[in-house]
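Everything on this sheet refers to the single structure shown next.
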Amino acid sequence: MYKKTLFRFLALLIVFSMLLTACKPSTEEPVVEPTEGGGPVPTEAKPVEPTEPSETEEVACPASTVADPMGVPAGTWPQQYELTEYEELANCKMSFSSREEFHPDLWTHGFLEGDLPPLEERLPAEPLVVQPYDEIGNYGGTLRMVSIGPEGGNSEHLSAKHVSLVRFSDDHKTIVPFVAKSYEYNDDFTELTFVLRKGHKWSDGHPFTADDILFWYNDVILNEELYPSTPSYWVFGGEPMRMEKIDDVTIKIYFAAPAPGLLTFIARSWIQTFVPKHYFEKLHIEYNPEANDVAVAAGLANWVEYFYKFHGDWQDSYHVYGIPKLESHILVDETTEYKIHAANPYFFIVDTAGNQLPYLDEQREGYAPDKEIIELMVISGEVDYKSQSIGVTSLPVLQENTESGNYTIQMPPGAGAGRMYTFNCTHQDPVLREIFADPRFSRAMSLALNRDEINQVLCFGLCRTQQGIPIHPSVSFAKPEWYLKDIEYDPDTANEILDEMGLTERDADGFRLRPDGEPFVIYNVYCPQAGDPVLHELTKEYWEDVGIRIELKEVTTVNYRTLTSVNEHDIGNFHIGGTSEAVVYSNPQAMLPPFGDSALSAMCGGPWYDWWMSDGASGEEPPEQVKYLIDLVEQWKVTIPYSEEYVSLGQETGDIFSENFWLIGTISESPQPTIVSNRLGNVPEIKIQTFDYFRTLPYRPFQWYIKE
Amino acid sequence: MRAFLLRRFLIMIGMLALLSLIVFIILELPPGDFAERHVYQLKSIGIFVTEEDLLNYRHQFGLDRPWPERYLRWITNIVTRGNFGLSLIYRKPVTDVIGERLGFTAILAISAVILLYGLAIPIGIYSAIHQYSIGDYTFTILGYVGIAIPNFMLALVLLYISVTVFGTNVGGLFSPEYLDAPWSWARLIDFLKHLWIPTIILGTSGTAFQIRTMRATLLDEKNKLYVTVARAKGLPEGRLLMKYPVRVALNPIVSTMGWELTRVISGAPIVAFVLALPDTGPLFLRALLDEDIYLGGSLLMIYSALTIFGTFLSDIMLALLDPRIRQGEKV
């Protein structure tokens with residue numbers, strides 16, 4: 001009888017608190033807030049257990065999901081909560097559970113010894129609670145992925161297990177805590193504080209603390225033997241940032257100049273800002289004076305090379321078992337044919353029902369060196385998730401086999417700026433330079449292009465035709481007219497402009513001559529890695545139609561790079577990669593001369609870049625509007641994202657590009673066919689397919705699971 | 001005979017030493033290096049990388065040191081401790097990377113070589129004896145067609161057949177469920193199911209050539225006087241053929257056997273690439289494309305060593321087969 005009453009009371013309480021929490025966000029009326037004691041306790045229930053104030057803490061937490069929040073209001077961050085936050089909002093007490101068994105190789109490969117401690121000791125005192133998209137998953141299964149080879153830039157597999165201090169949420173705008181519990185900038189963005197989770201542990205059970213971040217920065221990044229020059233990502237106002245440990249879970253970073261972009265960089269970067277100190281100490285010369293002897297005994301030159309055998313910025317670069325990690329899955333088996341990562345028993349995230357994530361037992365990355373083989377594997381249902389290296393040209397065959405392969409094809413857009421052309425505005429030949437630096441010439445060349453045909457031939461008409469702006473249309477301040485300016489196919493106007501420029505003399509074949517009467521031949525030297533060479537054949541035809549003679553020449557990537565870096569090219573034609581908001585903001589390289597990514601794929605203006613970098617000692621002084629552009633971008637870089645100033649300066653930058661035609665656009669990056677197996681659960685619609693936000697990470701692969 | 005062997009052996013060692021230097025220089029020749037490849041790979045997936053990243057990577061991989069220094073360390077480690085260096089792609093010792101694939105390479109090579117000579121020699125003999133017969137023409141046409149069809153094309157066709165008709169999975173030597181399973185009866189069957197395609201392709205790729213060689217030399221030999229004499233003395237036709245002209249006609253085949261072995265072991269990289277075979281072929285191709293000089297160099301060293309060793313073996317076999325060579329050495 002007594003038990004029954006208690007049961008009824010509890011049930012009533014749950015329903016009641018759910019109703020309350022459900023209506024909380026929609027109203028501002030002073031409702032009775034659920035208090036710590038359990039909220040408005042029905043009076044008749046009080047006599048039952050009057051001395052137990054925290055009775056409702058016994059209530060298990062609702063297994064809310066993004067699809068069905070079950071009345072749990074949103075927390076500080078979308079789709080995730082801190083443990084105490086969730087318990088408060090849902091008015092419950094979370095109990096934890098985990099899979100029974102972990103991959104046996106975790107022991108054989110020297111990660112772990114003996115029995116695992118109980119789950120409560122493996123989880124941080126403050127685990128991160130995430131809401132799965134559709135349902136609470138079940139443990140088990142293998143996520144089967146495939147790539148062209150180890151370190152072939154196969155970032156989607158990398159992203160499926162990646163962790164960082166903070167990450168992007170799936171709105172591609174909000175930066176949410178991840179490994180860090182919280183972050184905070186000071187008012188002028190010269191200090192950034194990260195708070196870590198108490199009791200967080202590496203995959204070998206060793207505590208993860210502020211020391212591991214300090215070690216990464218002070219002893220790895222700032223070590224002159226490991227990094228002869230400090231990477232520019234960590235340099236602000238000309239000085240490397242400074243890092244200080246406040247306590248075991250708090251790190252403070254100081255900058256010589258405002259650095260609002262750093263958080264964005266950490267959220268999307270491939271670089272992990274922590275290194276397990278207890279493991280790497282013995283490889284580091286400052287902690288272990290014998291580190292060099294160990295390296296030489298292993299046949300390497302010195303401790304630096306040996307250190308890098310175990311450590312690399314690119315997290316795919318480690319191939320040694322037993323390195324402590326924070327990732328959801330850790331390497332347990334690797335051959336030259338495949339790689340297997342198994343669930344980390346110390347992973348720091350739980351779902352709303354208190355199940356330790358990840359759900360997936362294993363992630364397996366197989367290697368198939370040939371794209372056709374990858375396609376065949378997808379078709380026969382051997383792959384659970386694949387997007388990279390699948391082009392739109394494969395669509396017909398992929399669509400035909402969705403049923404037999406048991407997969408769904410999503411078509412999210414890419415984030416690149418597409419294929420671009422530049423006529424070298426800093427050409428070494430003064431005659432050509434005068435022509436190429438004239439925006440009228442680029443405008444004529446742009447009008448001469450039949451972009452619709454290019455779109456049909458190269459992209460089945462699935463791309464957008466657009467002008468060359470190194471800012472993606474999805475960026476918050478982008479103006480639509482930037483992309484539409486002078487993209488219509490109008491060879492007549494193009495001819496008129498060229499005549500007006502004085503390029504009226506023609507040779508016997510009808511090609512225009514230079515103003516000095518010499519033959520006017522433009523060499524389009526390209527490398528296949530920059531994209532399908534068919535584009536160059538098409539543009540050659542269009543430009544020759546308006547009397548501009550083009551000669552094509554194919555070279556290797558390295559040759560192309562050499563040519564452009566010494567400013568000996570006529571045409572720059574590399575594809576400009578990530579131009580999404582996060583990238584342009586935290587690393588706006590493509591917006592500055594040489595309008596590519598520094599010397600690696602210069603478009604034009606290399607000598608301007610040299611002048612700017614050497615403070616005028618070498619290179620060539622850029623024209624006024626380029627100097628103005630540089631100033632503008634420098635100012636814009638330190639504005640607060642989405643602020644008024646940020647928008648107006650950003651728009652001005654875009655306007656300058658639109659006026660000056662440094663880049664001639666063709667078609668946008670194509671949509672990226674993305675294969676998602678139907679047996680995979682909790683995978684939402686992928687909104688953008690790019691490394692800019694770390695591929696799948698915003699879609700939280702740690703809560704993906706295998707149905708059935 | 002002993003002097004012959006010793007001399008051959010010493011020449012072999014000298015050749016290897018010289019080769020190692022040539023191999024290293026060849027691999028150093030192409031512009032760019034592994035660091036550059038690595039940076040471009042990052043770039044191709046949309047990551048911005050800077051010049052200074054490139055310099056840092058070059059430093060990480062130790063590629064900023066002069067090549068003679070790197071060559072000396074590489075060769076010293078090979079000679080003194082059998083350490084072929086650290087593969088840049090896999091960040092693992094080269095010996096581990098290659099070792100993993102050596103077993104399958106050997107199995108593939110041996111089955112392909114057996115198929116190759118098992119087909120070529122009897123067909124060659126048949127064609128020579130029955131010159132201009134229907135059988136001879138059929139084999140000749142088949143042989144030419146075999147030479148004319150690119151191997152990778154044949155590989156794709158057979159792959160397609162095996163996937164659609166026999167329902168095996170795509171590429172590789174195992175189905176995914178057996179890939180990392182311990183050896184069992186079922187795994188062996190699965191393995192054999194996958195083995196036939198590469199064996200046929202690797203084996204038959206040299207068959208036509210060997211058939212033609214066998215046929216041509218045998219045609220020369222069988223009309224020589226010693227055959228007529230033997231026949232006149234009443235030797236049965238079969239025994240006569242095997243004992244005299246065939247034995248002599250095997251000469252060119254045996255003397256090229258050493259190369260054939262290397263060709264099969266290096267695995268016709270394109271074929272192995274298309275079939276995603278776990279032998280050393282794709283490894284070699286990848287090492288070259290990515291300018292992993294230690295992996296590529298070591299493989300090239302091994303291939304060269306095999307060629308040299310194969311020639312050494314051929315010499316011995318020839319010496320055993322043909323008394324003229326043994327005696328020629330003594331003179």
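To be explicit about the labels: the chains of the structure tokens are called A, B, and onward in the order shown, and within each one the residues are counted from 1, while ligands get numbers from 1 in the order they are shown.
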### Message
If we count only C-alpha atoms and set the cut-off at 10 Å, which residues sit around Ile121 of chain B, ignoring sequence neighbours fewer than 3 positions away in its own chain? Please answer as JSON, numbers by chain.
### Response
{"B": [116, 117, 118, 124, 125, 126, 127, 207, 210, 211, 212, 213, 214, 215, 246, 250, 253]}
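Contact shell of His472 of chain A at 9 Å (only C-alpha atoms; same-chain neighbours under 3 positions omitted): A:Ala415, A:Gly416, A:Ala417, A:Ile469, A:Val475, A:Ala478, A:Gly578, A:Thr579, A:Ser580, A:Glu581, A:Val584.
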Keeping all heavy atoms for every residue in the selection just given, could you write it to a file as a PDB file, in the first residue's frame?
```pdb
ATOM      1  N   ALA A 415      31.988  24.137 -49.958  1.00  0.00           N
ATOM      2  CA  ALA A 415      32.202  25.491 -49.447  1.00  0.00           C
ATOM      3  C   ALA A 415      33.314  26.214 -50.183  1.00  0.00           C
ATOM      4  O   ALA A 415      33.703  27.299 -49.800  1.00  0.00           O
ATOM      5  CB  ALA A 415      32.510  25.456 -47.964  1.00  0.00           C
ATOM      6  N   GLY A 416      33.817  25.621 -51.236  1.00  0.00           N
ATOM      7  CA  GLY A 416      34.915  26.249 -51.952  1.00  0.00           C
ATOM      8  C   GLY A 416      34.405  27.379 -52.833  1.00  0.00           C
ATOM      9  O   GLY A 416      33.209  27.559 -53.025  1.00  0.00           O
ATOM     10  N   ALA A 417      35.338  28.140 -53.376  1.00  0.00           N
ATOM     11  CA  ALA A 417      34.948  29.243 -54.242  1.00  0.00           C
ATOM     12  C   ALA A 417      34.923  28.810 -55.698  1.00  0.00           C
ATOM     13  O   ALA A 417      34.715  29.619 -56.581  1.00  0.00           O
ATOM     14  CB  ALA A 417      35.915  30.406 -54.061  1.00  0.00           C
ATOM     15  N   ILE A 469      34.737  35.481 -56.328  1.00  0.00           N
ATOM     16  CA  ILE A 469      34.865  36.190 -55.067  1.00  0.00           C
ATOM     17  C   ILE A 469      35.318  35.158 -54.042  1.00  0.00           C
ATOM     18  O   ILE A 469      34.685  34.112 -53.933  1.00  0.00           O
ATOM     19  CB  ILE A 469      33.499  36.757 -54.611  1.00  0.00           C
ATOM     20  CG1 ILE A 469      32.881  37.647 -55.681  1.00  0.00           C
ATOM     21  CG2 ILE A 469      33.612  37.469 -53.280  1.00  0.00           C
ATOM     22  CD1 ILE A 469      33.465  39.031 -55.779  1.00  0.00           C
ATOM     23  N   VAL A 475      28.223  33.038 -46.586  1.00  0.00           N
ATOM     24  CA  VAL A 475      28.771  33.907 -45.539  1.00  0.00           C
ATOM     25  C   VAL A 475      27.746  35.001 -45.213  1.00  0.00           C
ATOM     26  O   VAL A 475      27.075  35.515 -46.105  1.00  0.00           O
ATOM     27  CB  VAL A 475      30.114  34.518 -46.009  1.00  0.00           C
ATOM     28  CG1 VAL A 475      30.583  35.596 -45.047  1.00  0.00           C
ATOM     29  CG2 VAL A 475      31.165  33.430 -46.133  1.00  0.00           C
ATOM     30  N   ALA A 478      27.612  38.274 -47.285  1.00  0.00           N
ATOM     31  CA  ALA A 478      27.796  38.195 -48.738  1.00  0.00           C
ATOM     32  C   ALA A 478      26.665  38.905 -49.471  1.00  0.00           C
ATOM     33  O   ALA A 478      25.506  38.795 -49.101  1.00  0.00           O
ATOM     34  CB  ALA A 478      27.868  36.735 -49.168  1.00  0.00           C
ATOM     35  N   GLY A 578      38.395  26.148 -49.125  1.00  0.00           N
ATOM     36  CA  GLY A 578      37.407  26.636 -48.171  1.00  0.00           C
ATOM     37  C   GLY A 578      37.281  28.142 -48.148  1.00  0.00           C
ATOM     38  O   GLY A 578      38.253  28.874 -47.956  1.00  0.00           O
ATOM     39  N   THR A 579      36.064  28.654 -48.375  1.00  0.00           N
ATOM     40  CA  THR A 579      35.840  30.087 -48.260  1.00  0.00           C
ATOM     41  C   THR A 579      34.607  30.336 -47.404  1.00  0.00           C
ATOM     42  O   THR A 579      33.943  31.339 -47.533  1.00  0.00           O
ATOM     43  CB  THR A 579      35.614  30.723 -49.639  1.00  0.00           C
ATOM     44  OG1 THR A 579      34.633  29.934 -50.327  1.00  0.00           O
ATOM     45  CG2 THR A 579      36.875  30.773 -50.455  1.00  0.00           C
ATOM     46  N   SER A 580      34.262  29.365 -46.560  1.00  0.00           N
ATOM     47  CA  SER A 580      33.099  29.534 -45.702  1.00  0.00           C
ATOM     48  C   SER A 580      33.433  30.544 -44.617  1.00  0.00           C
ATOM     49  O   SER A 580      34.583  30.938 -44.438  1.00  0.00           O
ATOM     50  CB  SER A 580      32.731  28.206 -45.078  1.00  0.00           C
ATOM     51  OG  SER A 580      33.804  27.775 -44.298  1.00  0.00           O
ATOM     52  N   GLU A 581      32.416  30.947 -43.905  1.00  0.00           N
ATOM     53  CA  GLU A 581      32.575  32.015 -42.921  1.00  0.00           C
ATOM     54  C   GLU A 581      33.725  31.733 -41.954  1.00  0.00           C
ATOM     55  O   GLU A 581      34.569  32.576 -41.690  1.00  0.00           O
ATOM     56  CB  GLU A 581      31.263  32.203 -42.147  1.00  0.00           C
ATOM     57  CG  GLU A 581      31.271  33.451 -41.285  1.00  0.00           C
ATOM     58  CD  GLU A 581      30.058  34.334 -41.562  1.00  0.00           C
ATOM     59  OE1 GLU A 581      29.064  33.825 -42.095  1.00  0.00           O
ATOM     60  OE2 GLU A 581      30.117  35.516 -41.245  1.00  0.00           O
ATOM     61  N   VAL A 584      37.208  32.192 -43.879  1.00  0.00           N
ATOM     62  CA  VAL A 584      37.586  33.541 -44.284  1.00  0.00           C
ATOM     63  C   VAL A 584      37.851  34.373 -43.040  1.00  0.00           C
ATOM     64  O   VAL A 584      38.720  35.239 -43.024  1.00  0.00           O
ATOM     65  CB  VAL A 584      36.527  34.266 -45.162  1.00  0.00           C
ATOM     66  CG1 VAL A 584      36.532  33.724 -46.538  1.00  0.00           C
ATOM     67  CG2 VAL A 584      35.164  34.226 -44.569  1.00  0.00           C
TER      68      VAL A 584
END
```
### Message
Just to confirm, what's the straight-line distance from atom CA of Leu538 of chain A to atom CA of Gly391 of chain A in Å (one decimal)?
### Response
19.7 Å
Pull the closest atom pair for each residue of chain B that gets at most 8 Å from chain A, along with the distance in Å to one decimal, counting only C-alpha atoms, ordering rows by chain and then ascending residue number, as a tab-separated table.
```
residue	atom	partner	partner_atom	distance
B:Pro31	CA	A:Val558	CA	6.8
B:Gly32	CA	A:Val558	CA	6.1
B:Glu36	CA	A:Val558	CA	7.9
B:Gln41	CA	A:Gly153	CA	5.4
B:Leu42	CA	A:Gly153	CA	5.7
B:Lys43	CA	A:Gly577	CA	7.5
B:Ser44	CA	A:Gly577	CA	7.5
B:Ile45	CA	A:Gly153	CA	6.4
B:Gly46	CA	A:Gly577	CA	4.3
B:Ile47	CA	A:Gly578	CA	6.7
B:Phe48	CA	A:Asp597	CA	6.2
B:Val49	CA	A:Asp597	CA	6.7
B:Thr50	CA	A:Ser598	CA	6.0
B:Glu51	CA	A:Ala599	CA	6.2
B:Glu52	CA	A:Pro231	CA	6.8
B:Asp53	CA	A:Pro231	CA	6.8
B:Asn56	CA	A:Tyr227	CA	6.0
B:His59	CA	A:Tyr227	CA	7.9
B:Gln60	CA	A:Glu305	CA	6.0
B:Phe61	CA	A:Glu305	CA	6.4
B:Gly62	CA	A:Glu305	CA	6.3
B:Arg73	CA	A:Gly299	CA	7.6
B:Asn77	CA	A:Gly299	CA	6.3
B:Asn83	CA	A:Gly299	CA	7.2
B:Gly85	CA	A:Gly299	CA	6.7
B:Ile89	CA	A:Glu151	CA	7.1
B:Tyr90	CA	A:His319	CA	6.8
B:Arg91	CA	A:Lys309	CA	5.9
B:Lys92	CA	A:His319	CA	6.9
B:Val97	CA	A:Thr336	CA	6.7
B:Glu100	CA	A:Thr335	CA	7.3
B:Asn169	CA	A:Met377	CA	7.8
B:Val170	CA	A:Met377	CA	6.1
B:Gly171	CA	A:Ile373	CA	7.0
B:Phe273	CA	A:Pro369	CA	6.3
B:Val274	CA	A:Asp370	CA	6.2
B:Leu275	CA	A:Ile373	CA	7.8
B:Ala276	CA	A:Ala368	CA	5.8
B:Pro278	CA	A:Glu337	CA	6.7
B:Pro282	CA	A:Pro369	CA	7.9
```
Keeping N, CA and C atoms for every residue in the selection just given, could you write it to a file as a tab-separated table (two decimals), in the first residue's frame?
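This is the output file again27.tsv:
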```tsv
chain	number	residue	atom	x	y	z
B	31	PRO	N	61.30	16.67	-59.00
B	31	PRO	CA	61.16	17.89	-58.21
B	31	PRO	C	60.18	17.65	-57.06
B	32	GLY	N	60.34	18.43	-55.99
B	32	GLY	CA	59.44	18.29	-54.86
B	32	GLY	C	59.84	17.14	-53.96
B	36	GLU	N	56.08	18.23	-49.62
B	36	GLU	CA	55.29	19.00	-50.59
B	36	GLU	C	54.01	18.26	-50.96
B	41	GLN	N	48.18	17.53	-50.41
B	41	GLN	CA	47.05	16.68	-50.07
B	41	GLN	C	46.12	17.41	-49.10
B	42	LEU	N	46.71	18.08	-48.12
B	42	LEU	CA	45.90	18.86	-47.19
B	42	LEU	C	45.16	19.95	-47.94
B	43	LYS	N	45.88	20.58	-48.87
B	43	LYS	CA	45.30	21.66	-49.63
B	43	LYS	C	44.13	21.18	-50.48
B	44	SER	N	44.28	19.98	-51.04
B	44	SER	CA	43.24	19.50	-51.95
B	44	SER	C	41.94	19.21	-51.23
B	45	ILE	N	41.96	19.06	-49.92
B	45	ILE	CA	40.68	18.86	-49.23
B	45	ILE	C	40.18	20.16	-48.64
B	46	GLY	N	40.80	21.26	-49.04
B	46	GLY	CA	40.25	22.55	-48.65
B	46	GLY	C	40.89	23.15	-47.42
B	47	ILE	N	42.04	22.63	-47.01
B	47	ILE	CA	42.73	23.22	-45.87
B	47	ILE	C	43.73	24.24	-46.39
B	48	PHE	N	43.74	25.41	-45.79
B	48	PHE	CA	44.75	26.38	-46.18
B	48	PHE	C	46.07	26.03	-45.53
B	49	VAL	N	47.10	25.92	-46.31
B	49	VAL	CA	48.42	25.65	-45.76
B	49	VAL	C	49.37	26.74	-46.25
B	50	THR	N	50.35	27.01	-45.46
B	50	THR	CA	51.25	28.11	-45.82
B	50	THR	C	52.63	27.57	-46.13
B	51	GLU	N	53.43	28.44	-46.70
B	51	GLU	CA	54.81	28.13	-47.01
B	51	GLU	C	55.53	27.62	-45.75
B	52	GLU	N	55.20	28.25	-44.64
B	52	GLU	CA	55.92	27.92	-43.42
B	52	GLU	C	55.49	26.54	-42.90
B	53	ASP	N	54.22	26.16	-43.15
B	53	ASP	CA	53.79	24.79	-42.84
B	53	ASP	C	54.65	23.80	-43.60
B	56	ASN	N	57.99	23.49	-42.08
B	56	ASN	CA	57.90	22.72	-40.84
B	56	ASN	C	57.75	21.22	-41.11
B	59	HIS	N	60.93	19.69	-42.18
B	59	HIS	CA	61.79	19.50	-41.01
B	59	HIS	C	61.34	18.27	-40.22
B	60	GLN	N	60.04	18.11	-40.05
B	60	GLN	CA	59.52	16.95	-39.30
B	60	GLN	C	59.97	15.63	-39.91
B	61	PHE	N	59.96	15.59	-41.24
B	61	PHE	CA	60.30	14.34	-41.90
B	61	PHE	C	61.81	14.21	-42.12
B	62	GLY	N	62.56	15.18	-41.64
B	62	GLY	CA	64.01	15.13	-41.79
B	62	GLY	C	64.47	15.35	-43.21
B	73	ARG	N	72.95	7.42	-43.89
B	73	ARG	CA	72.26	6.85	-42.74
B	73	ARG	C	71.39	5.67	-43.16
B	77	ASN	N	72.16	1.85	-41.93
B	77	ASN	CA	71.15	1.13	-41.15
B	77	ASN	C	70.75	-0.18	-41.80
B	83	ASN	N	67.71	-2.42	-41.00
B	83	ASN	CA	66.64	-1.43	-40.84
B	83	ASN	C	66.55	-0.58	-42.10
B	85	GLY	N	64.75	1.90	-42.68
B	85	GLY	CA	64.27	3.27	-42.45
B	85	GLY	C	62.79	3.31	-42.13
B	89	ILE	N	55.03	7.66	-45.45
B	89	ILE	CA	53.58	7.60	-45.55
B	89	ILE	C	52.99	6.92	-44.32
B	90	TYR	N	53.56	5.79	-43.95
B	90	TYR	CA	52.95	4.99	-42.89
B	90	TYR	C	53.51	5.31	-41.52
B	91	ARG	N	54.58	6.07	-41.44
B	91	ARG	CA	55.26	6.37	-40.20
B	91	ARG	C	55.59	5.09	-39.43
B	92	LYS	N	55.91	4.05	-40.16
B	92	LYS	CA	56.27	2.77	-39.57
B	92	LYS	C	57.54	2.31	-40.23
B	97	VAL	N	56.09	-2.54	-43.00
B	97	VAL	CA	55.13	-2.26	-44.06
B	97	VAL	C	55.24	-3.30	-45.17
B	100	GLU	N	54.38	-7.09	-44.11
B	100	GLU	CA	52.96	-7.39	-44.07
B	100	GLU	C	52.47	-7.96	-45.39
B	169	ASN	N	33.00	-10.07	-53.19
B	169	ASN	CA	33.03	-8.63	-53.00
B	169	ASN	C	34.13	-8.00	-53.84
B	170	VAL	N	34.17	-6.69	-53.82
B	170	VAL	CA	35.03	-5.95	-54.75
B	170	VAL	C	36.47	-5.88	-54.28
B	171	GLY	N	37.37	-6.30	-55.15
B	171	GLY	CA	38.79	-6.07	-54.89
B	171	GLY	C	39.35	-6.80	-53.69
B	273	PHE	N	46.78	-2.40	-58.49
B	273	PHE	CA	46.11	-1.17	-58.09
B	273	PHE	C	44.62	-1.27	-58.38
B	274	VAL	N	44.33	-1.70	-59.61
B	274	VAL	CA	42.93	-1.82	-60.01
B	274	VAL	C	42.20	-2.84	-59.16
B	275	LEU	N	42.87	-3.93	-58.83
B	275	LEU	CA	42.22	-4.99	-58.07
B	275	LEU	C	42.34	-4.78	-56.57
B	276	ALA	N	42.99	-3.70	-56.15
B	276	ALA	CA	43.22	-3.45	-54.73
B	276	ALA	C	43.88	-4.65	-54.07
B	278	PRO	N	46.64	-6.75	-52.05
B	278	PRO	CA	47.57	-6.38	-50.98
B	278	PRO	C	48.97	-6.88	-51.25
B	282	PRO	N	51.00	-1.97	-55.49
B	282	PRO	CA	50.38	-0.68	-55.17
B	282	PRO	C	51.20	0.12	-54.17
```
### Task
Work out how far apart atom CA of Thr311 of chain B and atom CA of Gly258 of chain B are and give it in Å to one decimal.
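Taking atom CA of Thr311 of chain B and atom CA of Gly258 of chain B, their separation equals 5.0 Å.
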### Query
If you run DSSP on the backbone, which residues of segment 452-525 of chain A are strand (DSSP E or B), as a ChimeraX atom specification?
/A:465,506,512-513,519,521-525
Those residues you just picked out, can you put them in a file as a compact mmCIF listing (two decimals), in the first residue's frame with all heavy atoms?
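New file selection.txt:
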```
# COMPACT_ATOMS: atom_id res chain seq x y z
N THR A 465 26.59 29.16 -61.69
CA THR A 465 27.55 29.96 -62.45
C THR A 465 27.80 31.20 -61.61
O THR A 465 26.88 31.74 -61.00
CB THR A 465 26.97 30.37 -63.80
OG1 THR A 465 25.77 31.09 -63.57
CG2 THR A 465 26.64 29.17 -64.66
N ARG A 506 45.09 42.80 -85.62
CA ARG A 506 45.01 41.34 -85.58
C ARG A 506 46.02 40.72 -86.52
O ARG A 506 46.44 41.35 -87.50
CB ARG A 506 43.60 40.89 -85.97
CG ARG A 506 42.55 41.42 -85.02
CD ARG A 506 41.27 40.61 -85.11
NE ARG A 506 40.26 41.11 -84.21
CZ ARG A 506 39.42 40.32 -83.57
NH1 ARG A 506 39.47 39.01 -83.71
NH2 ARG A 506 38.49 40.84 -82.80
N ARG A 512 44.28 38.81 -81.91
CA ARG A 512 44.71 40.17 -81.61
C ARG A 512 46.22 40.22 -81.37
O ARG A 512 46.81 39.26 -80.87
CB ARG A 512 43.99 40.68 -80.36
CG ARG A 512 42.52 40.93 -80.59
CD ARG A 512 41.78 41.15 -79.28
NE ARG A 512 40.35 41.00 -79.50
CZ ARG A 512 39.55 41.96 -79.92
NH1 ARG A 512 40.03 43.16 -80.16
NH2 ARG A 512 38.25 41.74 -80.10
N LEU A 513 46.81 41.39 -81.72
CA LEU A 513 48.23 41.59 -81.46
C LEU A 513 48.40 42.48 -80.24
O LEU A 513 47.47 43.19 -79.83
CB LEU A 513 48.90 42.25 -82.67
CG LEU A 513 48.91 41.42 -83.94
CD1 LEU A 513 49.40 42.26 -85.12
CD2 LEU A 513 49.80 40.18 -83.77
N PRO A 519 53.20 39.38 -81.41
CA PRO A 519 52.10 38.42 -81.25
C PRO A 519 51.67 38.36 -79.78
O PRO A 519 52.50 38.44 -78.88
CB PRO A 519 52.72 37.09 -81.68
CG PRO A 519 53.99 37.41 -82.36
CD PRO A 519 54.42 38.78 -81.94
N VAL A 521 50.24 36.06 -77.18
CA VAL A 521 49.92 34.68 -76.84
C VAL A 521 49.92 34.53 -75.32
O VAL A 521 50.88 34.94 -74.66
CB VAL A 521 50.96 33.69 -77.43
CG1 VAL A 521 50.52 32.26 -77.16
CG2 VAL A 521 51.14 33.93 -78.90
N ILE A 522 48.87 33.99 -74.79
CA ILE A 522 48.79 33.78 -73.34
C ILE A 522 48.92 32.28 -73.06
O ILE A 522 48.18 31.49 -73.63
CB ILE A 522 47.47 34.32 -72.78
CG1 ILE A 522 47.33 35.81 -73.09
CG2 ILE A 522 47.39 34.10 -71.28
CD1 ILE A 522 46.02 36.42 -72.63
N TYR A 523 49.87 31.94 -72.22
CA TYR A 523 50.06 30.53 -71.89
C TYR A 523 49.25 30.16 -70.66
O TYR A 523 49.44 30.74 -69.59
CB TYR A 523 51.54 30.22 -71.65
CG TYR A 523 52.31 30.21 -72.94
CD1 TYR A 523 52.88 31.37 -73.44
CD2 TYR A 523 52.41 29.04 -73.68
CE1 TYR A 523 53.55 31.38 -74.64
CE2 TYR A 523 53.09 29.04 -74.90
CZ TYR A 523 53.65 30.20 -75.37
OH TYR A 523 54.31 30.19 -76.56
N ASN A 524 48.33 29.23 -70.83
CA ASN A 524 47.59 28.73 -69.67
C ASN A 524 48.25 27.42 -69.23
O ASN A 524 47.99 26.36 -69.78
CB ASN A 524 46.12 28.50 -70.04
CG ASN A 524 45.29 28.11 -68.84
OD1 ASN A 524 45.80 28.08 -67.71
ND2 ASN A 524 44.03 27.80 -69.06
N VAL A 525 49.13 27.53 -68.27
CA VAL A 525 49.84 26.35 -67.75
C VAL A 525 49.06 25.85 -66.55
O VAL A 525 48.74 26.62 -65.65
CB VAL A 525 51.27 26.73 -67.32
CG1 VAL A 525 52.00 25.51 -66.80
CG2 VAL A 525 52.01 27.34 -68.50
```
### DSSP helix (DSSP H, G or I) residues within segment 148-219 of chain B, listed as a PyMOL selection string
chain B and resi 148+151-164+176-179+185-205+207-219
### Task
Give me the residues within 12 Å of Ser648 of chain A as JSON, numbers by chain, counting only C-alpha atoms and dropping any in the same chain fewer than 4 places off.
{"A": [476, 477, 478, 479, 632, 633, 635, 636, 639, 640, 641, 642, 643, 644, 652, 653, 654, 655]}
